[in-house]
Amino acid sequence: MSKNFYLEILHVDKNSKARYGILHTPHGDVEVPCFMPVGTVGSVKTLSPEEVKGIGSGIILANTYHLHLRPGEDIVAKAGGIQKFMNYNGPMLTDSGGFQVFSLASKRDIKEEGVTFKSHLNGDKIFFSPEKVIEIEEKIGADIIMSFDECIPYPVSYEYAKNSTLRTLRWAKRGLDAHKREDQALFGIVQGGEFEDLRKMCAEELVKMNFDGYSIGGTSIGEPKDVCFKMIDMAINYLPFEKPRYLMGVGSLDYILEGIAKGVDMMDCVLPTRIARHGTLMTHNGRVNIKNEKYKEDFTPLDQECDCYTCKNFTKAYLRHLYVSNEAFGQRLLSIHNLRFLISIVEGARNAIKEDRFNEYKDEILKKYGDSRGF
RNA sequence: GGGAGGGUAGCGAAGUGGCUAAACGCGGUUGACUGUAAAUCAAUUCCUUCGGGUUCGGCAGUUCGAAUCUGCCCCCUCCCA
């Protein structure tokens with residue numbers, strides 16, 4: 001159990017389960033609920049640490065599988081840990097590689113002992129056991145580290161979900177036993193697919209093990225929205241009030257706000273940065289594809305209501321030009337905007353919780369932006 | 001003046017009698033993306049009132065059938081004088 005890590009819950013919304021608080025970590029405090037940008041290989045793609053911080057993000061992610069492959073955890077450790085390595089002086093979290101068990105399904109083999117991956121870079125055989133993952137994460141040195149799990153695909157049979165979830169629980173225990181560093185918080189991950197009894201069982205068993213925080217996994221991997229929302233409930237109902245709750249892989253407005261309403265404290269997603277690089281922006285006027293011809297001579301800002309560097313300084317015509325010309329600067333400006341947009345919405349959510357008007361805030365935002373086009 | 005090669009959709013470039021409205025690449029347009037194998041992927045790109053119409057430098061032929069074969073003409077590139 002980490003000594004420098006705890007969640008201070010300062011207010012619970014009177015009309016929902018949304019809560020506002022401060023997550024204390026060895027690398028600083030973070031207001032929650034929060035959205036965490038993803039920096040898989042030790043970089044939020046295209047952005048500098050200063051830019052990421054300037055956008056208002058509290059925690060950023062890195063990935064155990066990817067850093068293990070390149071440059072290798074020993075290099076990161078020699079550099080003095082991930083924060084020093086990438087010159088990011090703030091809280092960080094490493095995902096365990098459990099998502100890669102899902103996303104690299106064609107390149108891995110799951111056994112009780114662990115997972116054998118065929119490196120997506122050069123085909124090397126990589127073996128990840130729960131203990132090995134913790135060892136790597138301790139060398140990487142993030143403030144929050146995740147247990148090794150299997151992110152269960154959707155849909156899957158009850159039998160598959162049950163076997164996988166029980167194994168993930170055994171892995172969680174093995175990881176917990178292997179975890180030595182006291183300055184790192186270790187989170188357990190609730191799996192169970194779409195099955196209520198499995199989610200409940202998984203959550204309860206993890207809670208018995210007493211992790212520093214709990215995350216809800218196996219979400220936003222292609223399942224219908226209502227299924228995802230149910231999965232959140234199925235898990236969160238059995239999680240302790242005082243520990244942080246992290247909803248994994250969620251990055252569109254409707255999912256983020258629903259998660260917050262259900263009492264989630266942390267969320268992460270590649271969506272804002274990835275779609276920005278691909279030319280799609282989240283704005284106060286809805287979804288924008290900046291490559292569209294109609295913006296060719298549009299000399300207005302991307303989003304009049306946005307306070308980001310991009311919107312304060314550049315026009316849609318210029319952003320389109322940069323995108324179409326495949327300029328790195330364009331990807332950076334668009335990433336800055338999407339992250340700032342999402343984080344500002346979450347800031348608004350925190351303020352609304354403090355004033356007991358979260359439901360109104362959520363409805364207002366969803367009515368305005370969360371239409372069928374979604375984010 | 002002599003010799004050689006070549007003109008195919010916005011561009012480059014395959015195709016050398018029917019399976020060809022014509023491969024492929026680029027460019028253009030549109031869409032997708034949710035714990036990052038993602039500066040990626042997908043669709044579409046002659047016209048159309050969706051029945052069809054008009055194409056492979058031009059014209060005239062051969063043939064049941066031509067981008068593909070023949071004749072003449074126009075244009076481009078290179079070499080020699």
# chains A, B, ... in the order shown; residues from 1 in each chain; ligands from 1
$ interface_residues --of "chain A" --to "chain B" --cutoff "8 Å" --atoms "only C-alpha atoms (C1' of nucleotides)" --output "VMD selection string"
chain A and resid 38 40 95 98 to 99 104 120 to 121 217 220 to 221 248 to 252 268 to 271 274 to 275 277 to 278 326 328 331
$ residues_around --residues "Arg245 in chain A" --least-positions-apart "5" --cutoff "12 Å" --atoms "only C-alpha atoms (C1' of nucleotides)" --output "ChimeraX atom specification"
/A:6-7,9,18-19,21,23,32-34,187-190,203,207,211-217,232-233,235-240,259-260,262-268
$ write_last_selection --atoms "C-alpha atoms" --output "compact mmCIF listing (two decimals), in the first residue's frame"
# COMPACT_ATOMS: atom_id res chain seq x y z
CA TYR A 6 -4.88 8.54 -1.09
CA LEU A 7 -8.12 9.97 -2.32
CA ILE A 9 -13.27 13.09 -1.24
CA ALA A 18 -20.74 12.03 -8.77
CA ARG A 19 -17.99 13.03 -6.41
CA GLY A 21 -12.05 15.23 -4.58
CA LEU A 23 -6.12 12.43 -5.45
CA VAL A 32 -11.01 14.36 -9.65
CA PRO A 33 -13.00 13.43 -11.61
CA CYS A 34 -10.28 13.74 -14.18
CA PHE A 187 -4.96 -0.81 -8.76
CA GLY A 188 -7.00 -3.96 -9.33
CA ILE A 189 -9.12 -4.25 -12.45
CA VAL A 190 -12.73 -5.41 -12.42
CA ALA A 203 -15.21 -6.50 -7.58
CA VAL A 207 -11.83 -5.41 -2.60
CA PHE A 211 -5.93 -2.51 -3.56
CA ASP A 212 -5.11 1.20 -3.53
CA GLY A 213 -7.76 1.76 -6.15
CA TYR A 214 -10.02 -0.10 -8.51
CA SER A 215 -10.61 0.20 -12.16
CA ILE A 216 -13.42 -0.95 -14.37
CA GLY A 217 -12.01 -2.70 -17.41
CA ILE A 232 -20.02 0.31 -14.80
CA ASP A 233 -22.92 -0.11 -12.34
CA ALA A 235 -18.78 -3.05 -10.72
CA ILE A 236 -19.08 0.24 -8.92
CA ASN A 237 -21.85 -0.94 -6.63
CA TYR A 238 -19.35 -3.21 -4.92
CA LEU A 239 -16.40 -0.85 -4.73
CA PRO A 240 -15.51 0.99 -1.53
CA GLY A 259 -19.09 7.53 -15.67
CA ILE A 260 -18.79 10.59 -13.47
CA LYS A 262 -22.00 6.84 -11.49
CA GLY A 263 -19.12 7.81 -9.20
CA VAL A 264 -16.05 7.33 -11.36
CA ASP A 265 -12.99 9.43 -10.50
CA MET A 266 -10.59 8.80 -13.35
CA MET A 267 -10.87 8.04 -17.05
CA ASP A 268 -8.43 7.75 -19.90
$ residues_around --residues "range 314-320 of chain A" --least-positions-apart "4" --cutoff "12 Å" --atoms "only C-alpha atoms (C1' of nucleotides)" --output "number ranges by chain"
A: 276-281, 288-304, 306-310, 324-335, 337
$ residues_around --residues "C59 in chain B" --least-positions-apart "5" --cutoff "12 Å" --atoms "only C-alpha atoms (C1' of nucleotides)" --output "PyMOL selection string"
chain B and resi 71-74
$ atom_distance --atom1 "CA of Glu258 in chain A" --atom2 "CA of Ser147 in chain A"
24.7 Å
$ residues_around --residues "range 3-17 of chain B" --least-positions-apart "5" --cutoff "12 Å" --atoms "only C-alpha atoms (C1' of nucleotides)" --output "VMD selection string"
chain B and resid 22 to 28 45 to 46 55 to 58 62 to 63 65 to 69 74 to 81
$ residues_around --residues "Asp143 in chain A" --least-positions-apart "4" --cutoff "12 Å" --atoms "only C-alpha atoms (C1' of nucleotides)" --output "PDB file with N, CA and C atoms, in the first residue's frame"
ATOM      1  N   MET A   1       0.847  -1.203   0.000  1.00  0.00           N
ATOM      2  CA  MET A   1       0.000   0.000   0.000  1.00  0.00           C
ATOM      3  C   MET A   1       0.878   1.247   0.000  1.00  0.00           C
ATOM      4  N   SER A   2       0.536   2.161  -0.853  1.00  0.00           N
ATOM      5  CA  SER A   2       1.331   3.367  -0.972  1.00  0.00           C
ATOM      6  C   SER A   2       1.062   4.320   0.181  1.00  0.00           C
ATOM      7  N   LYS A   3       2.135   4.912   0.701  1.00  0.00           N
ATOM      8  CA  LYS A   3       1.985   5.832   1.831  1.00  0.00           C
ATOM      9  C   LYS A   3       1.571   7.228   1.372  1.00  0.00           C
ATOM     10  N   ASN A   4       2.055   7.604   0.206  1.00  0.00           N
ATOM     11  CA  ASN A   4       1.805   8.977  -0.258  1.00  0.00           C
ATOM     12  C   ASN A   4       0.610   9.069  -1.176  1.00  0.00           C
ATOM     13  N   PHE A   5      -0.190   8.046  -1.147  1.00  0.00           N
ATOM     14  CA  PHE A   5      -1.285   8.006  -2.118  1.00  0.00           C
ATOM     15  C   PHE A   5      -2.613   7.810  -1.412  1.00  0.00           C
ATOM     16  N   TYR A   6      -3.522   8.754  -1.592  1.00  0.00           N
ATOM     17  CA  TYR A   6      -4.880   8.539  -1.095  1.00  0.00           C
ATOM     18  C   TYR A   6      -5.833   9.521  -1.751  1.00  0.00           C
ATOM     19  N   LEU A  23      -6.912  13.646  -5.509  1.00  0.00           N
ATOM     20  CA  LEU A  23      -6.120  12.427  -5.451  1.00  0.00           C
ATOM     21  C   LEU A  23      -4.694  12.857  -5.141  1.00  0.00           C
ATOM     22  N   HIS A  24      -4.195  12.406  -4.018  1.00  0.00           N
ATOM     23  CA  HIS A  24      -2.825  12.756  -3.632  1.00  0.00           C
ATOM     24  C   HIS A  24      -1.875  11.674  -4.128  1.00  0.00           C
ATOM     25  N   THR A  25      -0.832  12.100  -4.847  1.00  0.00           N
ATOM     26  CA  THR A  25       0.157  11.142  -5.361  1.00  0.00           C
ATOM     27  C   THR A  25       1.553  11.680  -5.056  1.00  0.00           C
ATOM     28  N   PRO A  26       2.562  10.831  -5.117  1.00  0.00           N
ATOM     29  CA  PRO A  26       3.932  11.285  -4.851  1.00  0.00           C
ATOM     30  C   PRO A  26       4.379  12.405  -5.782  1.00  0.00           C
ATOM     31  N   HIS A  27       3.795  12.484  -6.958  1.00  0.00           N
ATOM     32  CA  HIS A  27       4.186  13.542  -7.884  1.00  0.00           C
ATOM     33  C   HIS A  27       3.161  14.663  -7.957  1.00  0.00           C
ATOM     34  N   GLY A  28       2.364  14.802  -6.915  1.00  0.00           N
ATOM     35  CA  GLY A  28       1.454  15.932  -6.894  1.00  0.00           C
ATOM     36  C   GLY A  28      -0.008  15.539  -6.754  1.00  0.00           C
ATOM     37  N   ASP A  29      -0.821  16.554  -6.532  1.00  0.00           N
ATOM     38  CA  ASP A  29      -2.252  16.347  -6.325  1.00  0.00           C
ATOM     39  C   ASP A  29      -3.010  16.518  -7.629  1.00  0.00           C
ATOM     40  N   VAL A  30      -4.091  15.781  -7.722  1.00  0.00           N
ATOM     41  CA  VAL A  30      -4.923  15.846  -8.922  1.00  0.00           C
ATOM     42  C   VAL A  30      -6.381  15.973  -8.509  1.00  0.00           C
ATOM     43  N   ILE A  59      -3.089  13.752 -14.768  1.00  0.00           N
ATOM     44  CA  ILE A  59      -2.322  12.505 -14.799  1.00  0.00           C
ATOM     45  C   ILE A  59      -2.169  12.102 -16.253  1.00  0.00           C
ATOM     46  N   ILE A  60      -1.035  11.533 -16.610  1.00  0.00           N
ATOM     47  CA  ILE A  60      -0.943  10.941 -17.936  1.00  0.00           C
ATOM     48  C   ILE A  60      -0.526   9.478 -17.827  1.00  0.00           C
ATOM     49  N   LEU A  61      -0.931   8.728 -18.839  1.00  0.00           N
ATOM     50  CA  LEU A  61      -0.658   7.298 -18.873  1.00  0.00           C
ATOM     51  C   LEU A  61       0.578   6.982 -19.695  1.00  0.00           C
ATOM     52  N   ALA A  62       1.173   5.843 -19.363  1.00  0.00           N
ATOM     53  CA  ALA A  62       2.160   5.242 -20.249  1.00  0.00           C
ATOM     54  C   ALA A  62       1.845   3.754 -20.235  1.00  0.00           C
ATOM     55  N   GLY A  81      13.533   6.877 -13.782  1.00  0.00           N
ATOM     56  CA  GLY A  81      12.075   6.695 -13.763  1.00  0.00           C
ATOM     57  C   GLY A  81      11.429   7.441 -14.912  1.00  0.00           C
ATOM     58  N   ILE A  82      10.194   7.063 -15.166  1.00  0.00           N
ATOM     59  CA  ILE A  82       9.511   7.583 -16.355  1.00  0.00           C
ATOM     60  C   ILE A  82       9.356   9.103 -16.340  1.00  0.00           C
ATOM     61  N   GLN A  83       9.075   9.660 -15.154  1.00  0.00           N
ATOM     62  CA  GLN A  83       8.893  11.115 -15.128  1.00  0.00           C
ATOM     63  C   GLN A  83      10.174  11.854 -15.495  1.00  0.00           C
ATOM     64  N   ASN A  89       7.052  16.395 -14.939  1.00  0.00           N
ATOM     65  CA  ASN A  89       7.016  16.450 -13.484  1.00  0.00           C
ATOM     66  C   ASN A  89       5.572  16.482 -12.999  1.00  0.00           C
ATOM     67  N   GLY A  90       4.951  15.294 -13.014  1.00  0.00           N
ATOM     68  CA  GLY A  90       3.558  15.204 -12.586  1.00  0.00           C
ATOM     69  C   GLY A  90       3.176  13.753 -12.408  1.00  0.00           C
ATOM     70  N   PRO A  91       1.982  13.531 -11.914  1.00  0.00           N
ATOM     71  CA  PRO A  91       1.531  12.154 -11.667  1.00  0.00           C
ATOM     72  C   PRO A  91       1.413  11.353 -12.950  1.00  0.00           C
ATOM     73  N   MET A  92       1.813  10.086 -12.858  1.00  0.00           N
ATOM     74  CA  MET A  92       1.688   9.204 -14.016  1.00  0.00           C
ATOM     75  C   MET A  92       1.125   7.855 -13.602  1.00  0.00           C
ATOM     76  N   LEU A  93       0.591   7.174 -14.594  1.00  0.00           N
ATOM     77  CA  LEU A  93      -0.005   5.849 -14.389  1.00  0.00           C
ATOM     78  C   LEU A  93       0.473   4.954 -15.520  1.00  0.00           C
ATOM     79  N   THR A  94       0.806   3.714 -15.200  1.00  0.00           N
ATOM     80  CA  THR A  94       1.120   2.792 -16.294  1.00  0.00           C
ATOM     81  C   THR A  94       0.037   1.730 -16.410  1.00  0.00           C
ATOM     82  N   ASP A  95      -0.427   1.539 -17.627  1.00  0.00           N
ATOM     83  CA  ASP A  95      -1.311   0.415 -17.872  1.00  0.00           C
ATOM     84  C   ASP A  95      -0.432  -0.817 -17.990  1.00  0.00           C
ATOM     85  N   GLU A 137       6.680  -2.525 -14.094  1.00  0.00           N
ATOM     86  CA  GLU A 137       6.033  -1.270 -13.699  1.00  0.00           C
ATOM     87  C   GLU A 137       6.783  -0.586 -12.561  1.00  0.00           C
ATOM     88  N   GLU A 138       7.384  -1.391 -11.691  1.00  0.00           N
ATOM     89  CA  GLU A 138       8.174  -0.786 -10.605  1.00  0.00           C
ATOM     90  C   GLU A 138       9.422  -0.111 -11.171  1.00  0.00           C
ATOM     91  N   LYS A 139       9.985  -0.695 -12.195  1.00  0.00           N
ATOM     92  CA  LYS A 139      11.154  -0.064 -12.815  1.00  0.00           C
ATOM     93  C   LYS A 139      10.769   1.195 -13.578  1.00  0.00           C
ATOM     94  N   ARG A 181       7.316  -1.799  -4.119  1.00  0.00           N
ATOM     95  CA  ARG A 181       7.538  -0.360  -3.952  1.00  0.00           C
ATOM     96  C   ARG A 181       6.380   0.295  -3.200  1.00  0.00           C
ATOM     97  N   GLU A 182       6.707   0.998  -2.141  1.00  0.00           N
ATOM     98  CA  GLU A 182       5.657   1.614  -1.323  1.00  0.00           C
ATOM     99  C   GLU A 182       5.244   2.985  -1.832  1.00  0.00           C
ATOM    100  N   ASP A 183       6.017   3.511  -2.782  1.00  0.00           N
ATOM    101  CA  ASP A 183       5.646   4.826  -3.308  1.00  0.00           C
ATOM    102  C   ASP A 183       4.816   4.699  -4.592  1.00  0.00           C
ATOM    103  N   GLN A 184       4.324   3.508  -4.838  1.00  0.00           N
ATOM    104  CA  GLN A 184       3.461   3.316  -6.003  1.00  0.00           C
ATOM    105  C   GLN A 184       2.131   2.719  -5.563  1.00  0.00           C
ATOM    106  N   ALA A 185       1.055   3.281  -6.078  1.00  0.00           N
ATOM    107  CA  ALA A 185      -0.270   2.717  -5.795  1.00  0.00           C
ATOM    108  C   ALA A 185      -0.562   1.639  -6.823  1.00  0.00           C
ATOM    109  N   LEU A 186      -1.143   0.541  -6.367  1.00  0.00           N
ATOM    110  CA  LEU A 186      -1.490  -0.553  -7.271  1.00  0.00           C
ATOM    111  C   LEU A 186      -3.014  -0.692  -7.340  1.00  0.00           C
ATOM    112  N   PHE A 187      -3.521  -0.685  -8.558  1.00  0.00           N
ATOM    113  CA  PHE A 187      -4.964  -0.813  -8.759  1.00  0.00           C
ATOM    114  C   PHE A 187      -5.319  -2.217  -9.257  1.00  0.00           C
ATOM    115  N   ASP A 212      -5.102  -0.251  -3.778  1.00  0.00           N
ATOM    116  CA  ASP A 212      -5.106   1.200  -3.525  1.00  0.00           C
ATOM    117  C   ASP A 212      -6.205   1.897  -4.305  1.00  0.00           C
TER     118      ASP A 212
END
$ residues_around --residues "His68 in chain A" --least-positions-apart "3" --cutoff "12 Å" --atoms "only C-alpha atoms (C1' of nucleotides)" --output "PyMOL selection string"
chain A and resi 40-42+62-65+71-77+94-97+117+119+121+126-128+132-140
$ atom_distance --atom1 "CA of Ile336 in chain A" --atom2 "CA of Glu223 in chain A"
28.5 Å
$ select_by_dssp --residues "range 84-231 of chain A" --states "helix (DSSP H, G or I)" --output "JSON, numbers by chain"
{"A": [84, 85, 98, 99, 100, 101, 102, 103, 105, 106, 107, 130, 131, 132, 133, 134, 135, 136, 137, 138, 139, 140, 158, 159, 160, 161, 162, 163, 164, 165, 166, 167, 168, 169, 170, 171, 172, 173, 174, 175, 176, 177, 178, 196, 197, 198, 199, 200, 201, 202, 203, 204, 205, 206, 207, 208, 209, 225, 226, 227, 228, 229, 230, 231]}
$ select_by_dssp --residues "range 15-235 of chain A" --states "strand (DSSP E or B)" --output "number ranges by chain"
A: 19-25, 28-32, 34-38, 60-63, 92-95, 108-110, 115-118, 125-128, 144-146, 185-190, 213-216
$ atom_distance --atom1 "CA of Arg167 in chain A" --atom2 "CA of Cys202 in chain A"
10.3 Å
